[in-house]
Amino acid sequence: MKTGLQRREENIRFLKSVSMLRDLPSDKLAKVADVLEIDFFHEGEFIIREGCTGDTFFLINKGEVKVTQTVVGHNEPQEIRKLKRGDIFGEKALLGEDRRTASCIAQPPGVECLTIDRESFNQLIGDINELRNKDY
Ligand code: 6J7
Ligand code: CA
């Protein structure tokens, strides 16, 4: 079993590997580490569904996530990119947008995410300019 302290140190090490978060002051980084939750998704599972409301921000700890979006002139949503460990997603519905703007689907063999809820996101990371201005 891991102790709370080991978990916290592991989380801080991981957060420092996330380019978007690496420059946060260490007191904030420690706070983020303390509010992270872990969530697992089976292959094919929709972590985020385009058009739905949402209150969660995601960091990929293990696995791959496919991002798809509805495109005019296509019947099926189209793949726009794949994400891997250290990548983040789900910030848009927590910032300006009120609905999820794309779908994010767990790839085989499954995905482990660390998550941050809307309240902690607003308190701790919602003001990071690199995140706010992300235009892909
Ligand atoms: Br990753 C990623 N790439 C894109 C993109 O090109 N366009 C849009 N709109 N969203 C993209 N995303 C992520 C982004 O974090 O997919 C998430 C879907 O939920 C989005 O945030 P969201 O709209 O909350
Ligand atoms: Ca789950």
# chains A, B, ... in the order shown; residues from 1 in each chain; ligands from 1
call {"tool": "select_by_dssp", "arguments": {"residues": "range 13-132 of chain A", "states": "strand (DSSP E)", "output": "short mmCIF file (atom, residue, chain, number, x, y, z; two decimals) with N, CA and C atoms, in the first residue's frame"}}
result
data_model
loop_
_atom_site.label_atom_id
_atom_site.label_comp_id
_atom_site.auth_asym_id
_atom_site.auth_seq_id
_atom_site.Cartn_x
_atom_site.Cartn_y
_atom_site.Cartn_z
N GLU A 37 -7.93 13.18 -8.28
CA GLU A 37 -8.59 11.89 -8.10
C GLU A 37 -8.14 11.00 -9.24
N ILE A 38 -8.22 9.70 -9.05
CA ILE A 38 -7.84 8.77 -10.11
C ILE A 38 -9.11 8.16 -10.71
N ASP A 39 -9.13 8.01 -12.04
CA ASP A 39 -10.29 7.39 -12.69
C ASP A 39 -9.82 6.52 -13.85
N PHE A 40 -10.45 5.35 -14.00
CA PHE A 40 -10.06 4.39 -15.03
C PHE A 40 -11.16 4.27 -16.07
N PHE A 41 -10.75 4.10 -17.32
CA PHE A 41 -11.71 3.97 -18.42
C PHE A 41 -11.34 2.77 -19.27
N PHE A 46 -16.29 6.37 -23.64
CA PHE A 46 -16.27 7.82 -23.82
C PHE A 46 -15.96 8.49 -22.49
N ILE A 47 -14.79 9.10 -22.40
CA ILE A 47 -14.41 9.84 -21.20
C ILE A 47 -15.15 11.16 -21.20
N ILE A 48 -15.24 11.74 -22.41
CA ILE A 48 -16.00 12.98 -22.64
C ILE A 48 -16.83 12.77 -23.90
N THR A 56 -15.32 18.32 -15.22
CA THR A 56 -14.06 17.64 -14.89
C THR A 56 -12.97 17.96 -15.90
N PHE A 57 -11.76 18.13 -15.38
CA PHE A 57 -10.55 18.34 -16.16
C PHE A 57 -9.69 17.08 -16.01
N PHE A 58 -9.07 16.63 -17.11
CA PHE A 58 -8.37 15.34 -17.11
C PHE A 58 -6.90 15.47 -17.47
N LEU A 59 -6.06 14.67 -16.76
CA LEU A 59 -4.65 14.51 -17.12
C LEU A 59 -4.45 13.02 -17.38
N ILE A 60 -3.77 12.68 -18.45
CA ILE A 60 -3.58 11.25 -18.76
C ILE A 60 -2.35 10.73 -18.01
N ASN A 61 -2.58 9.73 -17.16
CA ASN A 61 -1.47 9.10 -16.43
C ASN A 61 -0.98 7.86 -17.17
N LYS A 62 -1.89 7.12 -17.80
CA LYS A 62 -1.52 5.93 -18.58
C LYS A 62 -2.48 5.77 -19.74
N VAL A 65 -5.75 8.40 -25.65
CA VAL A 65 -7.10 8.91 -25.80
C VAL A 65 -7.26 9.46 -27.22
N LYS A 66 -8.32 9.04 -27.90
CA LYS A 66 -8.62 9.57 -29.24
C LYS A 66 -9.62 10.71 -29.10
N VAL A 67 -9.35 11.81 -29.79
CA VAL A 67 -10.26 12.96 -29.76
C VAL A 67 -10.97 13.05 -31.11
N THR A 68 -12.29 13.11 -31.08
CA THR A 68 -13.07 13.23 -32.33
C THR A 68 -14.01 14.41 -32.23
N GLN A 69 -14.41 14.90 -33.40
CA GLN A 69 -15.29 16.07 -33.43
C GLN A 69 -16.23 15.98 -34.62
N GLN A 78 -15.09 13.00 -36.77
CA GLN A 78 -13.77 12.73 -37.34
C GLN A 78 -12.69 12.81 -36.27
N GLU A 79 -11.68 11.94 -36.38
CA GLU A 79 -10.56 11.97 -35.44
C GLU A 79 -9.75 13.24 -35.66
N ILE A 80 -9.50 13.99 -34.58
CA ILE A 80 -8.66 15.18 -34.75
C ILE A 80 -7.29 15.02 -34.13
N ARG A 81 -7.12 14.17 -33.12
CA ARG A 81 -5.79 13.85 -32.61
C ARG A 81 -5.84 12.73 -31.61
N LYS A 82 -4.64 12.25 -31.27
CA LYS A 82 -4.51 11.25 -30.19
C LYS A 82 -3.66 11.85 -29.09
N LEU A 83 -4.04 11.54 -27.86
CA LEU A 83 -3.33 12.07 -26.69
C LEU A 83 -2.69 10.94 -25.91
N ILE A 88 -3.26 16.72 -21.48
CA ILE A 88 -4.43 17.15 -20.70
C ILE A 88 -5.62 17.37 -21.65
N PHE A 89 -6.82 17.29 -21.13
CA PHE A 89 -8.01 17.60 -21.94
C PHE A 89 -9.19 17.92 -21.02
N SER A 103 -15.31 14.83 -28.51
CA SER A 103 -15.39 13.59 -27.72
C SER A 103 -13.98 13.08 -27.46
N CYS A 104 -13.78 12.45 -26.30
CA CYS A 104 -12.48 11.88 -25.93
C CYS A 104 -12.73 10.43 -25.52
N ILE A 105 -12.10 9.51 -26.27
CA ILE A 105 -12.44 8.09 -26.17
C ILE A 105 -11.20 7.29 -25.77
N ALA A 106 -11.34 6.46 -24.74
CA ALA A 106 -10.22 5.63 -24.25
C ALA A 106 -9.84 4.60 -25.30
N VAL A 111 -7.42 3.37 -20.11
CA VAL A 111 -6.78 4.64 -19.77
C VAL A 111 -6.93 4.93 -18.27
N GLU A 112 -5.84 5.44 -17.70
CA GLU A 112 -5.88 5.91 -16.32
C GLU A 112 -5.71 7.43 -16.34
N CYS A 113 -6.69 8.12 -15.80
CA CYS A 113 -6.64 9.59 -15.75
C CYS A 113 -6.56 10.07 -14.32
N LEU A 114 -5.92 11.22 -14.14
CA LEU A 114 -6.03 11.96 -12.90
C LEU A 114 -6.98 13.11 -13.20
N THR A 115 -7.90 13.37 -12.31
CA THR A 115 -8.95 14.35 -12.60
C THR A 115 -8.98 15.45 -11.54
N ILE A 116 -9.48 16.60 -11.99
CA ILE A 116 -9.64 17.77 -11.12
C ILE A 116 -11.05 18.30 -11.35
N ASP A 117 -11.79 18.54 -10.29
CA ASP A 117 -13.16 19.03 -10.48
C ASP A 117 -13.18 20.54 -10.74
#
call {"tool": "residues_near_ligand", "arguments": {"ligand": "ligand 1", "cutoff": "6 Å", "atoms": "only C-alpha atoms and all ligand atoms", "output": "number ranges by chain"}}
result
A: 89-93, 100-103, 136
call {"tool": "write_last_selection", "arguments": {"atoms": "all heavy atoms", "output": "tab-separated table (two decimals), in the first residue's frame"}}
result
chain	number	residue	atom	x	y	z
A	89	PHE	N	-6.82	17.29	-21.13
A	89	PHE	CA	-8.01	17.60	-21.94
A	89	PHE	C	-9.19	17.92	-21.02
A	89	PHE	O	-9.17	17.61	-19.83
A	89	PHE	CB	-8.34	16.48	-22.92
A	89	PHE	CG	-8.64	15.15	-22.29
A	89	PHE	CD1	-9.95	14.76	-22.04
A	89	PHE	CD2	-7.62	14.28	-21.94
A	89	PHE	CE1	-10.25	13.53	-21.47
A	89	PHE	CE2	-7.88	13.04	-21.37
A	89	PHE	CZ	-9.20	12.67	-21.13
A	90	GLY	N	-10.21	18.55	-21.63
A	90	GLY	CA	-11.42	18.85	-20.87
A	90	GLY	C	-11.44	20.23	-20.26
A	90	GLY	O	-12.31	20.54	-19.43
A	91	GLU	N	-10.50	21.10	-20.69
A	91	GLU	CA	-10.46	22.44	-20.10
A	91	GLU	C	-11.54	23.37	-20.68
A	91	GLU	O	-11.98	24.29	-20.00
A	91	GLU	CB	-9.07	23.07	-20.29
A	91	GLU	CG	-8.75	23.62	-21.68
A	91	GLU	CD	-8.49	22.55	-22.73
A	91	GLU	OE1	-8.52	21.37	-22.38
A	91	GLU	OE2	-8.28	22.92	-23.90
A	92	LYS	N	-11.95	23.11	-21.93
A	92	LYS	CA	-12.82	24.11	-22.60
A	92	LYS	C	-14.16	24.27	-21.90
A	92	LYS	O	-14.64	25.40	-21.71
A	92	LYS	CB	-13.00	23.73	-24.06
A	92	LYS	CG	-11.77	24.04	-24.89
A	92	LYS	CD	-12.06	23.87	-26.37
A	92	LYS	CE	-10.91	24.32	-27.22
A	92	LYS	NZ	-10.65	25.76	-27.13
A	93	ALA	N	-14.78	23.16	-21.51
A	93	ALA	CA	-16.09	23.25	-20.86
A	93	ALA	C	-15.98	23.87	-19.46
A	93	ALA	O	-16.98	24.23	-18.85
A	93	ALA	CB	-16.75	21.88	-20.78
A	100	ARG	N	-19.19	20.34	-23.86
A	100	ARG	CA	-17.99	19.68	-24.36
A	100	ARG	C	-17.90	19.89	-25.87
A	100	ARG	O	-18.88	19.65	-26.59
A	100	ARG	CB	-18.03	18.19	-24.04
A	100	ARG	CG	-18.03	17.86	-22.54
A	100	ARG	CD	-16.78	18.36	-21.86
A	100	ARG	NE	-16.60	17.76	-20.52
A	100	ARG	CZ	-15.60	18.09	-19.72
A	100	ARG	NH1	-14.71	19.01	-20.06
A	100	ARG	NH2	-15.49	17.50	-18.54
A	101	THR	N	-16.75	20.30	-26.34
A	101	THR	CA	-16.60	20.67	-27.75
A	101	THR	C	-16.04	19.55	-28.62
A	101	THR	O	-15.87	19.72	-29.82
A	101	THR	CB	-15.66	21.89	-27.87
A	101	THR	OG1	-14.39	21.55	-27.30
A	101	THR	CG2	-16.23	23.10	-27.15
A	102	ALA	N	-15.72	18.41	-28.03
A	102	ALA	CA	-15.22	17.24	-28.77
A	102	ALA	C	-15.46	16.02	-27.89
A	102	ALA	O	-15.81	16.15	-26.72
A	102	ALA	CB	-13.72	17.40	-29.06
A	103	SER	N	-15.31	14.83	-28.51
A	103	SER	CA	-15.39	13.59	-27.72
A	103	SER	C	-13.98	13.08	-27.46
A	103	SER	O	-13.09	13.24	-28.30
A	103	SER	CB	-16.19	12.52	-28.47
A	103	SER	OG	-17.55	12.85	-28.50
A	136	TYR	N	-5.17	24.86	-30.18
A	136	TYR	CA	-4.87	23.62	-30.92
A	136	TYR	C	-4.28	23.85	-32.30
A	136	TYR	O	-4.83	24.19	-33.22
A	136	TYR	CB	-6.11	22.71	-30.96
A	136	TYR	CG	-6.54	22.33	-29.57
A	136	TYR	CD1	-7.56	23.02	-28.94
A	136	TYR	CD2	-5.87	21.33	-28.88
A	136	TYR	CE1	-7.92	22.70	-27.64
A	136	TYR	CE2	-6.22	21.00	-27.58
A	136	TYR	CZ	-7.26	21.70	-26.97
A	136	TYR	OH	-7.60	21.39	-25.69
call {"tool": "residues_around", "arguments": {"residues": "Arg8 in chain A", "least_positions_apart": "2", "cutoff": "12 Å", "atoms": "only C-alpha atoms", "output": "list in words"}}
result
Lys2, Thr3, Gly4, Leu5, Gln6, Glu10, Asn11, Ile12, Arg13, Phe14, Leu15, Leu29, Ala30, Lys31, Val32, Ala33, Asp34, Val35, Leu36 and Glu37 of chain A
call {"tool": "write_last_selection", "arguments": {"atoms": "C-alpha atoms", "output": "short mmCIF file (atom, residue, chain, number, x, y, z; two decimals), in the first residue's frame"}}
result
data_model
loop_
_atom_site.label_atom_id
_atom_site.label_comp_id
_atom_site.auth_asym_id
_atom_site.auth_seq_id
_atom_site.Cartn_x
_atom_site.Cartn_y
_atom_site.Cartn_z
CA LYS A 2 1.15 3.55 -0.71
CA THR A 3 0.96 6.14 2.01
CA GLY A 4 -0.72 9.49 1.46
CA LEU A 5 2.71 11.13 1.42
CA GLN A 6 4.08 8.77 -1.24
CA GLU A 10 4.28 10.75 -6.97
CA ASN A 11 1.53 13.16 -8.05
CA ILE A 12 3.87 16.16 -7.78
CA ARG A 13 6.48 14.37 -9.90
CA PHE A 14 3.82 13.62 -12.49
CA LEU A 15 2.46 17.18 -12.47
CA LEU A 29 1.44 22.36 -7.37
CA ALA A 30 1.18 20.70 -3.95
CA LYS A 31 -2.45 21.79 -3.68
CA VAL A 32 -3.22 20.36 -7.12
CA ALA A 33 -1.51 17.10 -6.08
CA ASP A 34 -3.79 16.94 -3.04
CA VAL A 35 -7.06 17.31 -4.96
CA LEU A 36 -6.27 14.88 -7.81
CA GLU A 37 -8.59 11.89 -8.10
#
call {"tool": "atom_distance", "arguments": {"atom1": "CA of Asn129 in chain A", "atom2": "CA of Glu64 in chain A"}}
result
25.5 Å
call {"tool": "closest_residue", "arguments": {"among": "A:Ser17, A:Gly54, A:Gly110, A:Gly63", "to": "ligand 2", "atoms": "only C-alpha atoms and all ligand atoms"}}
result
A:Gly110
call {"tool": "select_by_dssp", "arguments": {"residues": "chain A", "states": "helix (DSSP H, G or I)", "output": "ChimeraX atom specification"}}
result
/A:4-16,26-35,92-94,118-124,129-132
call {"tool": "write_last_selection", "arguments": {"atoms": "C-alpha atoms", "output": "CSV table (one decimal), in the first residue's frame"}}
result
chain,number,residue,atom,x,y,z
A,4,GLY,CA,-0.7,9.5,1.5
A,5,LEU,CA,2.7,11.1,1.4
A,6,GLN,CA,4.1,8.8,-1.2
A,7,ARG,CA,1.0,9.4,-3.4
A,8,ARG,CA,1.4,13.1,-3.0
A,9,GLU,CA,5.1,13.0,-4.0
A,10,GLU,CA,4.3,10.8,-7.0
A,11,ASN,CA,1.5,13.2,-8.0
A,12,ILE,CA,3.9,16.2,-7.8
A,13,ARG,CA,6.5,14.4,-9.9
A,14,PHE,CA,3.8,13.6,-12.5
A,15,LEU,CA,2.5,17.2,-12.5
A,16,LYS,CA,6.0,18.5,-13.1
A,26,SER,CA,5.3,24.8,-5.7
A,27,ASP,CA,2.6,25.6,-3.2
A,28,LYS,CA,0.0,25.5,-5.9
A,29,LEU,CA,1.4,22.4,-7.4
A,30,ALA,CA,1.2,20.7,-4.0
A,31,LYS,CA,-2.5,21.8,-3.7
A,32,VAL,CA,-3.2,20.4,-7.1
A,33,ALA,CA,-1.5,17.1,-6.1
A,34,ASP,CA,-3.8,16.9,-3.0
A,35,VAL,CA,-7.1,17.3,-5.0
A,92,LYS,CA,-12.8,24.1,-22.6
A,93,ALA,CA,-16.1,23.3,-20.9
A,94,LEU,CA,-14.6,24.6,-17.6
A,118,ARG,CA,-14.5,22.4,-11.6
A,119,GLU,CA,-14.1,24.1,-8.2
A,120,SER,CA,-10.4,23.1,-7.8
A,121,PHE,CA,-9.8,23.9,-11.4
A,122,ASN,CA,-11.1,27.4,-10.9
A,123,GLN,CA,-9.1,27.9,-7.7
A,124,LEU,CA,-5.8,26.4,-8.8
A,129,ASN,CA,-2.7,31.6,-19.8
A,130,GLU,CA,-1.3,28.8,-21.8
A,131,LEU,CA,-4.4,26.8,-20.9
A,132,ARG,CA,-6.9,29.6,-21.4
call {"tool": "atom_distance", "arguments": {"atom1": "CA of Lys84 in chain A", "atom2": "CA of Pro109 in chain A"}}
result
12.8 Å
call {"tool": "atom_distance", "arguments": {"atom1": "CA of Pro25 in chain A", "atom2": "CA of Asp55 in chain A"}}
result
24.3 Å
call {"tool": "closest_residue", "arguments": {"among": "A:His74, A:His42, A:Gly96, A:Met20", "to": "ligand 2", "atoms": "only C-alpha atoms and all ligand atoms"}}
result
A:His42
call {"tool": "closest_residue", "arguments": {"among": "A:Asp87, A:Glu76, A:Glu43, A:Asp23", "to": "ligand 2", "atoms": "only C-alpha atoms and all ligand atoms"}}
result
A:Glu43
